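Asks: Provided herewith is a single structure, encoded as structure tokens, for subsequent inquiry.
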There are 4 protein chains.
Amino acid sequence: MQNFMTIRTDLAIEAREMVTKHVSHEVSGVDVVTSKDEDVLITRVNITNQAAEDALGKPIGKYITIEAQGLKYNDEDLHEKIAGFLAEELNGLIKINSAATVLVVGLGNRNITPDALGPKTIEKLVVTRHLKDMLLDDVKDRMRLVCAIEPGVLGITGMETAEIIQGIVTKIKPDIVIAIDALAAAASHRVNTTIQLANTGIHPGSGVDNKRFGLNQATLGVPVIAIGVPTVVHASTIAMDTIHALKEHASFARYFKSLENLSAGECQTIIRQVLPETLGNLMVTPKEIDQIITDISTVVAKGINQALHDKIDYENIHTCIKYI
Amino acid sequence: MQNFMTIRTDLAIEAREMVTKHVSHEVSGVDVVTSKDEDVLITRVNITNQAAEDALGKPIGKYITIEAQGLKYNDEDLHEKIAGFLAEELNGLIKINSAATVLVVGLGNRNITPDALGPKTIEKLVVTRHLKDMLLDDVKDRMRLVCAIEPGVLGITGMETAEIIQGIVTKIKPDIVIAIDALAAAASHRVNTTIQLANTGIHPGSGVDNKRFGLNQATLGVPVIAIGVPTVVHASTIAMDTIHALKEHASFARYFKSLENLSAGECQTIIRQVLPETLGNLMVTPKEIDQIITDISTVVAKGINQALHDKIDYENIHTCIKYI
Amino acid sequence: MQNFMTIRTDLAIEAREMVTKHVSHEVSGVDVVTSKDEDVLITRVNITNQAAEDALGKPIGKYITIEAQGLKYNDEDLHEKIAGFLAEELNGLIKINSAATVLVVGLGNRNITPDALGPKTIEKLVVTRHLKDMLLDDVKDRMRLVCAIEPGVLGITGMETAEIIQGIVTKIKPDIVIAIDALAAAASHRVNTTIQLANTGIHPGSGVDNKRFGLNQATLGVPVIAIGVPTVVHASTIAMDTIHALKEHASFARYFKSLENLSAGECQTIIRQVLPETLGNLMVTPKEIDQIITDISTVVAKGINQALHDKIDYENIHTCIKYI
Amino acid sequence: MQNFMTIRTDLAIEAREMVTKHVSHEVSGVDVVTSKDEDVLITRVNITNQAAEDALGKPIGKYITIEAQGLKYNDEDLHEKIAGFLAEELNGLIKINSAATVLVVGLGNRNITPDALGPKTIEKLVVTRHLKDMLLDDVKDRMRLVCAIEPGVLGITGMETAEIIQGIVTKIKPDIVIAIDALAAAASHRVNTTIQLANTGIHPGSGVDNKRFGLNQATLGVPVIAIGVPTVVHASTIAMDTIHALKEHASFARYFKSLENLSAGECQTIIRQVLPETLGNLMVTPKEIDQIITDISTVVAKGINQALHDKIDYENIHTCIKYI
């Protein structure tokens with residue numbers, strides 16, 4: 001049973017699928033509620049005890065995925081709708097008053113396209129913290145003080161992202177941190193189609209870049225909401241999926257004696273042969289990834305803007321700031 | 001025997017490998033000469049008759065590959081050396097006089113990173129055609145008149161690249177065309193490690209974007225040299241490689257009855273399951289692809305600059321143009 | 001009288017202002033009609049005879065300027081309105097049937113931000129020419145066949161833009177050419193606030209880059225509509241404006257004996273001192289020029305899309321192409 | 001005497017020129033030493049007492065300018081030489097041991113080309129702090145622990161740069177901070193030709209963006225070296241220079257009664273007329289600014305890399321890090 005987790009995933013929904021597939025019953029301590037319309041499926045996974053945390057490899061907490069195949073197409077109306085759902089779910093997760101200070105962190109490397117989701121989202125946020133002394137009185141207690149940072153990546157800064165954010169949090173004292181990150185999916189159909197929110201923050205080993213330190217209540221001292229979008233699958237996932245497809249496809253049974261006995265180690269041997277280590281970290285992305293990252297970062301930024309500035313009419317935010 | 005070509009490749013060297021693997025002897029009409037040093041392997045494949053053309057699926061002509069694992073790393077000295085080899089091989093292929101007009105075409109879409117090799121190379125060329133009336137007398141008959149164009153891609157221009165280049169060739173009347181293109185490799189270890197030169201031009205169905213029309217002597221009326229670098233493998237190649245690895249790895253024999261009987265159609269079934277068609281054209285690239293394309297386009301541009309401006313000291317080209 | 005044209009301008013409206021200021025009456029052969037609302041001023045200048053052409057330094061033809069200070073701000077509603085006006089005026093200028101082929105040319109250098117208007121507009125056009133064999137029957141005779149090219153600039157291509165476009169026109173045989181270009185304004189208040197349409201094409205010496213060849217009916221053999229937006233003023237214009245302000249400001253009269261006698265040559269002496277020639281071509285732009293060029297290129301592209309695809313519902317163009 | 005400072009400058013050398021021009025003698029408390037070769041002029045200005053600080057409007061401290069017209073041209077040999085001078089002067093200013101931790105801060109907005117000098121320099125630094133546990137023993141005590149951050153700008157982050165850096169400094173505890181910034185010059189001939197080093201840090205009101213808070217020993221608690229390059233002049237400087245040229249050019253004397261009496265207020269009136277306030281902050285830059293910023297950021301990064309990693313052979317830094 002230990003090898004079904006060989007394909008590591010940043011998505012709680014995928015972790016749960018893998019587990020339930022193998023134990024063939026729902027895991028206790030994992031509550032799942034879904035809602036959907038013709039375009040969008042929302043799944044709320046609540047991990048409520050230690051046993052469930054151990055089984056899924058995800059900390060106790062709430063995980064919400066918003067899935068829509070249309071997220072990766074250039075469909076403005078659908079994107080607007082998804083941004084609305086994101087705002088709603090985000091509002092459900094954050095419990096802060098209307099004048100709270102919020103620090104949004106855009107993780108990732110802007111020079112690597114599929115990892116640039118965080119930095120590109122940050123650029124489109126309506127930041128307001130620096131306006132606090134210039135706000136009209138009737139706006140003042142209704143506008144959250146939003147600030148944002150793109151901390152860069154270890155190889156460029158020489159500093160752990162957690163160190164940078166810890167330093168800034170000590171100085172700025174936000175009530176909550178929202179961290180945006182590009183993730184690796186375990187299945188190619190989730191690439192650029194899924195947004196995950198989690199109230200557990202970001203943990204070591206997650207993200208396209210495999211963070212070494214976490215950003216969460218334990219490391220920062222304030223609640224951390226993580227918003228992640230899988231933008232790549234690792235090439236090794238494609239190879240692994242192929243082996244699984246061979247094993248599971250009934251019509252191939254006649255070719256195999258006992259492929260289900262193929263061990264995790266043997267799978268690794270095959271993958272190493274297909275993908276020599278000298279190649280480094282090969283990623284699988286659609287050709288249109290530049291445009292897709294631009295679009296999805298807009299969706300995420302709109303969702304956050306709506307959620308954080310929900311007490312004032314969204315259409316008027318721009319004007320409102322202009323008058324100040 | 002018909003299914004070994006299921007994995008289409010733009011590289012003659014890969015086509016030959018696939019064929020010889022299956023017929024287990026050298027194909028007649030295919031001459032192969034290699035030379036190497038500690039870093040670089042150069043293979044010159046000469047397809048000399050129709051039978052060889054049919055067997056390899058590549059037109060009669062000369063194909064040279066310059067292979068170096070170090071091409072994809074940021075190693076200035078090695079890149080300088082590879083540029084020198086490229087210049088030498090290019091000079092061997094082009095038979096034009098020292099005052100000829102050369103049109104260099106940078107194929108591909110600059111907004112899709114791994115397809116931007118051509119456009120990025122064009123920017124770094126030493127173009128000289130517009131200087132012809134301003135050249136010093138002693139330089140005049142030693143300097144080739146180089147011009148360059150980035151024609152864009154069909155989805156952006158609404159015109160076939162071949163139409164655009166035909167129009168320009170009619171007007172400019174170059175003696176030769178050099179076309180630079182990003183290719184898809186059949187094996188992941190060739191991604192960003194190989195430069196192919198061919199005196200056969202570019203044929204329909206090649207390149208990352210699968211060109212619909214060719215750029216070659218037949219369509220343009222002048223010789224066309226193609227310079228191609230594989231910058232991606234298709235995700236389907238990874239899946240296919242995995243199946244091949246399973247079939248070929250001796251230690252897995254015990255799991256299979258007769259996997260070699262797995263047909264091309266059955267392989268397609270598996271790949272479609274792993275990579276649903278809705279995903280579009282998934283590509284596999286290294287994470288560092290932006291930097292790699294910048295570096296390799298510099299190598300290719302330097303090689304072309306050296307080859308075309310070989311009658312004047314390369315170090316002085318810049319100064320020389322400045323004095324004009 | 002000959003020195004009032006020292007400040008060269010690409011805008012007919014500015015040429016006319018300079019002339020009328022000096023001759024203090026309307027020039028015969030120049031018809032001017034304006035219309036305006038609270039945000040936008042539209043001026044239609046019709047140069048109808050040779051005398052007017054000589055006086056204004058602009059060929060006989062129609063020149064329309066759409067002026068709005070808000071063009072340079074990020075105001076979506078106003079931008080939508082301006083795009084609508086542009087579509088209307090463009091439709092008034094082009095006399096082509098509903099199935100005509102239109103070639104749109106994006107002039108300028110994409111690597112020099114204020115000169116990148118043309119290239120950036122091209123990217124956002126709805127091109128349709130390559131779809132002609134795939135159109136639904138009821139769309140076929142209502143959809144113009146639009147294609148587009150970014151020819152690059154002389155220093156990068158080694159070819160005159162006119163040569164490239166002549167070659168392509170010969171091959172593609174469009175019914176009309178639309179050329180988009182960034183211009184230099186003669187007054188800083190017009191920078192990024194004005195769109196000029198002209199049915200006279202583009203003439204040598206115009207544009208940020210001072211084209212050496214024209215793109216017009218004489219050089220291409222088909223009508224050419226020019227769409228230009230001033231995105232810079234030359235630094236020398238600021239210096240010249242300062243001298244004019246000194247001359248004209250009544251309250252400074254006491255400092256001058258006879259500044260109106262300051263000759264064009266003396267002005268040049270001052271400007272050379274302020275702006276040594278070694279500085280090259282200094283340009284004046286707002287700090288936000290990157291964002292502004294992104295926004296205005298969107299306005300121009302929307303206007304062209306609406307004008308060219310006016311027989312089909314604009315909102316449905318995307319869907320329509322998707323179904324094809 | 002108070003209006004000669006109307007043209008504010010970030011360069012101590014310009015401040016000194018303006019002052020000495022007006023008082024027509026050297027200011028006491030200002031030591032000036034220059035050295036030069038055929039390409040480069042180095043001026044070391046030492047402000048040693050409060051009177052000099054007040055006269056020049058620059059804090060007590062050392063200011064070094066490296067001036068070379070060739071800095072703005074694409075001249076690799078000269079750039080290499082300038083980087084060497086920069087390393088030397090930087091080494092003279094910083095008094096830290098060979099295993100010190102250094103935080104380099106790249107100020108400015110990467111989306112506004114002439115303000116992107118800081119962010120673009122950061123990307124090219126050899127950062128080493130994250131390698132400290134992986135260094136070979138014989139390298140360990142010879143390699144400075146360099147880290148780097150691009151804090152963004154107030155309008156994007158909602159946080160003062162000083163707040164962000166204070167937070168990071170508290171966490172990282174560097175021995176020294178080096179801050180890189182794009183400046184506004186008071187004279188157009190200094191644009192992209194001058195690098196200023198100062199051991200006084202950065203003070204409110206300086207830089208292209210007019211920082212509101214300072215980065216200096218007082219605000220950060222550690223020494224701050226500022227490296228600045230003027231990349232723009234404000235358009236108002238061009239207008240002001242024109243008025244000065246008119247006043248000073250002997251041959252124009254006959255036109256003026258008493259232009260020297262033109263007050264600062266009257267100058268402002270003229271400039272407001274030439275440059276209406278609605279235009280926002282117009283900047284003057286060369287057309288080639290994108291390329292120039294790329295080149296100069298490389299020079300600055302090379303200079304810093306050489307200075308900070310001077311105990312190990314510069315050519316081997318890359319290899320050295322690779323072995324780690």
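Please note that chains go A, B, ... in the order of the structure tokens, that every chain numbers its residues from 1, and that ligands are numbered from 1 in the order shown.
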After a least-squares superposition on chain B over all sequentially paired C-alpha atoms, what is chain D as a short mmCIF file (atom, residue, chain, number, x, y, z; two decimals) with C-alpha atoms, in the first residue's frame?
Replies:
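Dumped everything to superposed.cif:
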data_model
loop_
_atom_site.label_atom_id
_atom_site.label_comp_id
_atom_site.auth_asym_id
_atom_site.auth_seq_id
_atom_site.Cartn_x
_atom_site.Cartn_y
_atom_site.Cartn_z
CA MET D 1 7.80 -2.64 -40.21
CA GLN D 2 5.60 0.36 -40.81
CA ASN D 3 5.02 1.29 -37.18
CA PHE D 4 8.58 2.11 -36.18
CA MET D 5 8.07 5.49 -37.74
CA THR D 6 5.12 6.26 -35.50
CA ILE D 7 7.35 8.63 -33.61
CA ARG D 8 7.90 11.28 -36.23
CA THR D 9 11.18 13.16 -36.04
CA ASP D 10 12.60 16.29 -37.67
CA LEU D 11 16.17 14.98 -37.28
CA ALA D 12 17.73 12.84 -40.01
CA ILE D 13 20.01 11.30 -37.40
CA GLU D 14 17.01 10.08 -35.42
CA ALA D 15 15.24 8.83 -38.52
CA ARG D 16 18.35 6.83 -39.39
CA GLU D 17 18.64 5.40 -35.88
CA MET D 18 15.04 4.23 -35.92
CA VAL D 19 15.44 2.60 -39.30
CA THR D 20 18.74 0.85 -38.64
CA LYS D 21 17.43 -0.39 -35.28
CA HIS D 22 14.60 -2.16 -37.07
CA VAL D 23 16.35 -3.42 -40.17
CA SER D 24 19.51 -4.11 -38.13
CA HIS D 25 21.87 -3.11 -40.91
CA GLU D 26 22.96 0.12 -42.51
CA VAL D 27 20.58 1.38 -45.19
CA SER D 28 22.18 1.64 -48.62
CA GLY D 29 22.24 5.15 -50.02
CA VAL D 30 22.92 6.61 -46.59
CA ASP D 31 26.53 7.68 -46.00
CA VAL D 32 27.47 8.53 -42.44
CA VAL D 33 30.68 10.22 -41.29
CA THR D 34 31.28 11.31 -37.71
CA SER D 35 33.95 13.33 -35.96
CA LYS D 36 34.18 14.22 -32.30
CA ASP D 37 36.17 15.79 -29.50
CA GLU D 38 35.60 15.57 -25.75
CA ASP D 39 32.53 17.85 -25.87
CA VAL D 40 31.04 17.73 -29.32
CA LEU D 41 29.94 15.01 -31.75
CA ILE D 42 29.42 15.94 -35.39
CA THR D 43 27.54 13.51 -37.65
CA ARG D 44 27.27 14.06 -41.38
CA VAL D 45 24.49 12.02 -42.97
CA ASN D 46 24.31 12.06 -46.74
CA ILE D 47 21.14 10.66 -48.30
CA THR D 48 22.13 9.86 -51.85
CA ASN D 49 19.27 8.01 -53.56
CA GLN D 50 15.51 7.65 -53.69
CA ALA D 51 15.47 4.34 -51.80
CA ALA D 52 17.25 5.96 -48.86
CA GLU D 53 14.92 8.96 -49.06
CA ASP D 54 11.93 6.64 -48.84
CA ALA D 55 13.40 4.55 -46.02
CA LEU D 56 14.27 7.54 -43.82
CA GLY D 57 11.42 9.81 -44.83
CA LYS D 58 13.93 12.60 -45.52
CA PRO D 59 14.68 14.12 -48.96
CA ILE D 60 17.96 13.42 -50.75
CA GLY D 61 20.58 15.81 -49.41
CA LYS D 62 23.11 16.53 -46.68
CA TYR D 63 22.22 16.58 -42.99
CA ILE D 64 24.74 17.56 -40.35
CA THR D 65 24.11 17.35 -36.61
CA ILE D 66 26.29 19.04 -34.03
CA GLU D 67 25.59 17.42 -30.66
CA ALA D 68 26.83 18.60 -27.27
CA GLN D 69 25.15 18.00 -23.93
CA GLY D 70 26.78 21.24 -22.83
CA LEU D 71 24.78 23.28 -25.36
CA LYS D 72 21.97 23.56 -22.82
CA TYR D 73 24.21 24.78 -20.00
CA ASN D 74 25.46 28.31 -19.57
CA ASP D 75 29.06 27.51 -20.60
CA GLU D 76 30.46 30.42 -22.62
CA ASP D 77 33.65 28.70 -23.80
CA LEU D 78 31.83 25.65 -25.09
CA HIS D 79 29.18 27.81 -26.74
CA GLU D 80 31.93 29.74 -28.52
CA LYS D 81 33.38 26.44 -29.76
CA ILE D 82 30.01 25.17 -30.97
CA ALA D 83 29.40 28.46 -32.81
CA GLY D 84 32.76 27.90 -34.54
CA PHE D 85 31.79 24.38 -35.62
CA LEU D 86 28.43 25.65 -36.84
CA ALA D 87 30.17 28.33 -38.93
CA GLU D 88 32.49 25.73 -40.44
CA GLU D 89 29.74 23.28 -41.35
CA LEU D 90 27.52 26.07 -42.68
CA ASN D 91 30.38 27.28 -44.88
CA GLY D 92 30.74 23.74 -46.20
CA LEU D 93 27.07 23.66 -47.22
CA ILE D 94 26.66 27.06 -48.81
CA LYS D 95 28.31 27.61 -52.15
CA ILE D 96 27.97 31.33 -52.73
CA ASN D 97 30.42 34.05 -53.62
CA SER D 98 31.72 36.60 -51.19
CA ALA D 99 29.37 39.38 -52.27
CA ALA D 100 26.19 37.27 -52.35
CA THR D 101 22.87 38.36 -50.86
CA VAL D 102 21.63 36.05 -48.09
CA LEU D 103 18.14 36.11 -46.59
CA VAL D 104 17.89 34.56 -43.11
CA VAL D 105 14.38 33.57 -42.00
CA GLY D 106 13.57 33.15 -38.29
CA LEU D 107 10.60 30.80 -38.15
CA GLY D 108 8.36 30.27 -35.14
CA ASN D 109 6.25 32.20 -32.65
CA ARG D 110 8.15 34.57 -30.38
CA ASN D 111 5.37 34.42 -27.78
CA ILE D 112 5.79 30.68 -27.21
CA THR D 113 9.17 30.35 -25.57
CA PRO D 114 10.47 27.05 -27.03
CA ASP D 115 9.24 28.12 -30.49
CA ALA D 116 11.01 31.50 -30.29
CA LEU D 117 14.45 30.25 -31.34
CA GLY D 118 14.15 31.60 -34.89
CA PRO D 119 12.90 35.10 -33.96
CA LYS D 120 15.49 35.42 -31.17
CA THR D 121 18.33 34.40 -33.50
CA ILE D 122 17.32 36.98 -36.11
CA GLU D 123 17.71 39.81 -33.59
CA LYS D 124 21.39 38.99 -33.07
CA LEU D 125 22.48 38.75 -36.69
CA VAL D 126 24.87 41.24 -38.24
CA VAL D 127 22.68 42.44 -41.13
CA THR D 128 24.53 44.36 -43.82
CA ARG D 129 22.35 44.56 -46.92
CA HIS D 130 21.13 48.08 -46.11
CA LEU D 131 24.73 49.28 -45.79
CA LYS D 132 25.79 48.32 -49.29
CA ASP D 133 25.98 51.89 -50.56
CA MET D 134 27.94 53.02 -47.51
CA LEU D 135 30.70 50.40 -47.41
CA LEU D 136 34.35 51.27 -47.71
CA ASP D 137 35.70 50.14 -51.08
CA ASP D 138 38.05 47.52 -49.67
CA VAL D 139 35.21 45.96 -47.66
CA LYS D 140 32.64 46.03 -50.43
CA ASP D 141 33.54 42.88 -52.30
CA ARG D 142 34.29 40.95 -49.13
CA MET D 143 31.07 41.55 -47.23
CA ARG D 144 28.01 39.46 -47.87
CA LEU D 145 24.73 41.35 -48.01
CA VAL D 146 22.79 39.75 -45.19
CA CYS D 147 19.14 40.52 -44.51
CA ALA D 148 16.72 38.84 -42.12
CA ILE D 149 13.00 38.46 -41.50
CA GLU D 150 10.77 37.08 -38.75
CA PRO D 151 7.63 36.19 -40.72
CA GLY D 152 5.45 35.24 -37.72
CA VAL D 153 3.07 32.29 -37.64
CA LEU D 154 -0.13 31.49 -39.50
CA GLY D 155 -2.47 32.07 -36.55
CA ILE D 156 -1.17 35.63 -36.10
CA THR D 157 -0.58 36.67 -39.72
CA GLY D 158 -3.31 34.80 -41.57
CA MET D 159 -0.69 34.07 -44.23
CA GLU D 160 1.36 30.93 -44.82
CA THR D 161 5.02 31.55 -43.99
CA ALA D 162 5.83 30.26 -47.47
CA GLU D 163 3.63 32.95 -49.07
CA ILE D 164 5.37 35.72 -47.10
CA ILE D 165 8.85 34.44 -47.92
CA GLN D 166 7.99 33.86 -51.58
CA GLY D 167 6.85 37.47 -51.82
CA ILE D 168 10.00 38.79 -50.17
CA VAL D 169 12.29 36.54 -52.23
CA THR D 170 10.69 37.80 -55.45
CA LYS D 171 11.47 41.36 -54.40
CA ILE D 172 14.89 40.93 -52.74
CA LYS D 173 16.28 38.17 -54.99
CA PRO D 174 18.67 36.57 -52.51
CA ASP D 175 21.25 34.02 -53.72
CA ILE D 176 20.41 31.71 -50.85
CA VAL D 177 17.94 31.46 -47.96
CA ILE D 178 18.84 30.21 -44.47
CA ALA D 179 15.82 29.19 -42.37
CA ILE D 180 16.08 28.75 -38.60
CA ASP D 181 13.48 26.72 -36.77
CA ALA D 182 12.74 25.10 -33.42
CA LEU D 183 12.08 21.39 -33.81
CA ALA D 184 10.45 18.60 -31.87
CA ALA D 185 12.84 15.79 -30.90
CA ALA D 186 11.96 12.14 -30.81
CA ALA D 187 14.06 11.57 -27.68
CA SER D 188 14.22 13.79 -24.63
CA HIS D 189 18.03 13.65 -24.40
CA ARG D 190 18.28 15.62 -27.64
CA VAL D 191 16.26 18.56 -26.38
CA ASN D 192 18.48 21.67 -26.50
CA THR D 193 21.63 19.63 -27.17
CA THR D 194 21.59 19.29 -30.95
CA ILE D 195 21.86 21.63 -33.94
CA GLN D 196 20.94 20.20 -37.34
CA LEU D 197 21.94 21.75 -40.65
CA ALA D 198 20.39 20.52 -43.89
CA ASN D 199 20.74 21.67 -47.49
CA THR D 200 17.25 20.41 -48.27
CA GLY D 201 15.32 23.28 -46.73
CA ILE D 202 12.18 22.89 -44.66
CA HIS D 203 9.37 20.52 -45.59
CA PRO D 204 5.68 20.44 -44.73
CA GLY D 205 4.89 18.90 -41.36
CA SER D 206 8.18 19.79 -39.72
CA GLY D 207 8.93 22.06 -36.76
CA VAL D 208 7.23 22.61 -33.41
CA ASP D 209 4.27 24.08 -35.25
CA ASN D 210 4.00 21.51 -38.05
CA LYS D 211 4.36 23.83 -41.04
CA ARG D 212 1.82 23.21 -43.78
CA PHE D 213 4.03 24.48 -46.59
CA GLY D 214 7.70 24.00 -47.28
CA LEU D 215 10.54 26.46 -47.66
CA ASN D 216 12.91 24.87 -50.15
CA GLN D 217 14.37 25.20 -53.62
CA ALA D 218 11.10 23.93 -55.11
CA THR D 219 8.96 26.58 -53.42
CA LEU D 220 11.42 29.51 -53.39
CA GLY D 221 13.55 28.97 -56.48
CA VAL D 222 16.84 29.39 -54.60
CA PRO D 223 18.78 26.95 -52.38
CA VAL D 224 17.51 26.81 -48.78
CA ILE D 225 19.69 25.78 -45.84
CA ALA D 226 17.70 24.75 -42.76
CA ILE D 227 19.16 25.14 -39.27
CA GLY D 228 17.06 23.41 -36.64
CA VAL D 229 17.36 22.85 -32.91
CA PRO D 230 15.02 20.46 -31.09
CA THR D 231 13.67 22.47 -28.14
CA VAL D 232 10.78 20.24 -27.05
CA VAL D 233 9.59 16.68 -27.10
CA HIS D 234 5.88 16.12 -27.34
CA ALA D 235 4.37 14.67 -24.16
CA SER D 236 3.19 11.73 -26.27
CA THR D 237 6.84 10.91 -26.96
CA ILE D 238 7.43 10.48 -23.23
CA ALA D 239 4.48 8.09 -23.03
CA MET D 240 5.66 6.18 -26.08
CA ASP D 241 9.21 6.01 -24.72
CA THR D 242 7.85 4.55 -21.49
CA ILE D 243 6.10 1.75 -23.36
CA HIS D 244 9.29 1.07 -25.33
CA ALA D 245 11.32 1.00 -22.13
CA LEU D 246 8.93 -1.53 -20.64
CA LYS D 247 9.16 -3.67 -23.75
CA GLU D 248 12.92 -3.56 -23.97
CA HIS D 249 14.04 -3.76 -20.38
CA ALA D 250 15.11 -7.36 -19.94
CA SER D 251 14.40 -7.47 -16.22
CA PHE D 252 10.70 -6.82 -16.84
CA ALA D 253 10.35 -9.81 -19.14
CA ARG D 254 8.73 -11.86 -16.42
CA TYR D 255 5.77 -9.47 -16.29
CA PHE D 256 4.94 -9.68 -19.96
CA LYS D 257 3.74 -12.42 -22.20
CA SER D 258 4.29 -10.73 -25.50
CA LEU D 259 4.44 -6.98 -25.23
CA GLU D 260 6.26 -6.76 -28.55
CA ASN D 261 2.91 -7.57 -30.13
CA LEU D 262 1.44 -4.37 -28.72
CA SER D 263 0.34 -2.62 -31.90
CA ALA D 264 0.73 1.03 -32.84
CA GLY D 265 -3.06 1.36 -32.45
CA GLU D 266 -2.94 0.01 -28.92
CA CYS D 267 -0.12 2.39 -28.07
CA GLN D 268 -2.30 5.26 -29.31
CA THR D 269 -5.12 4.05 -27.03
CA ILE D 270 -2.85 4.20 -24.02
CA ILE D 271 -1.46 7.59 -24.92
CA ARG D 272 -4.93 9.01 -25.47
CA GLN D 273 -5.86 7.82 -21.99
CA VAL D 274 -2.76 9.37 -20.42
CA LEU D 275 -3.06 12.56 -22.45
CA PRO D 276 -6.69 13.36 -23.22
CA GLU D 277 -7.07 15.26 -26.49
CA THR D 278 -8.71 18.19 -24.71
CA LEU D 279 -5.27 19.06 -23.39
CA GLY D 280 -4.13 20.18 -26.79
CA ASN D 281 -0.53 19.95 -27.70
CA LEU D 282 1.39 19.31 -24.48
CA MET D 283 5.09 19.97 -24.75
CA VAL D 284 7.93 18.86 -22.53
CA THR D 285 10.65 21.43 -21.84
CA PRO D 286 13.16 22.06 -19.10
CA LYS D 287 12.15 24.65 -16.50
CA GLU D 288 15.02 26.88 -17.60
CA ILE D 289 13.76 27.08 -21.18
CA ASP D 290 13.66 30.91 -21.32
CA GLN D 291 17.37 31.17 -20.51
CA ILE D 292 18.27 28.21 -22.73
CA ILE D 293 16.55 29.72 -25.79
CA THR D 294 18.38 32.99 -25.15
CA ASP D 295 21.71 31.14 -25.00
CA ILE D 296 21.21 28.82 -27.98
CA SER D 297 19.90 31.62 -30.20
CA THR D 298 23.15 33.45 -29.41
CA VAL D 299 25.18 30.39 -30.45
CA VAL D 300 23.27 30.03 -33.72
CA ALA D 301 23.51 33.75 -34.48
CA LYS D 302 27.26 33.75 -33.81
CA GLY D 303 27.74 30.72 -36.05
CA ILE D 304 25.84 32.34 -38.90
CA ASN D 305 27.62 35.67 -38.43
CA GLN D 306 31.02 33.93 -38.60
CA ALA D 307 30.07 31.87 -41.63
CA LEU D 308 28.57 34.71 -43.66
CA HIS D 309 31.14 37.33 -42.76
CA ASP D 310 34.16 35.01 -42.94
CA LYS D 311 36.14 37.18 -45.30
CA ILE D 312 36.48 39.93 -42.75
CA ASP D 313 37.88 39.52 -39.28
CA TYR D 314 34.93 38.63 -37.04
CA GLU D 315 36.24 40.66 -34.12
CA ASN D 316 36.22 43.73 -36.32
CA ILE D 317 32.78 43.43 -37.87
CA HIS D 318 31.27 45.76 -35.31
CA THR D 319 33.97 48.39 -35.72
CA CYS D 320 33.90 48.01 -39.44
CA ILE D 321 30.19 48.73 -39.57
CA LYS D 322 30.64 51.64 -37.20
CA TYR D 323 33.13 53.34 -39.49
CA ILE D 324 30.81 53.05 -42.44
#
Asks: Extract the full set of strand (DSSP E or B) residues from stretch 39-112 of chain D according to DSSP on the backbone, and format it as a PyMOL selection string.
Replies: chain D and resi 41-47+61-67+101-106
Asks: As a PyMOL selection string, please: every residue in stretch 61-284 of chain C that DSSP puts in helix (DSSP H, G or I).
Replies: chain C and resi 69-72+76-93+113-115+117-122+129-134+137-140+154-157+161-172+188-190+217-220+235-248+250-255+259-261+264-274+277-279
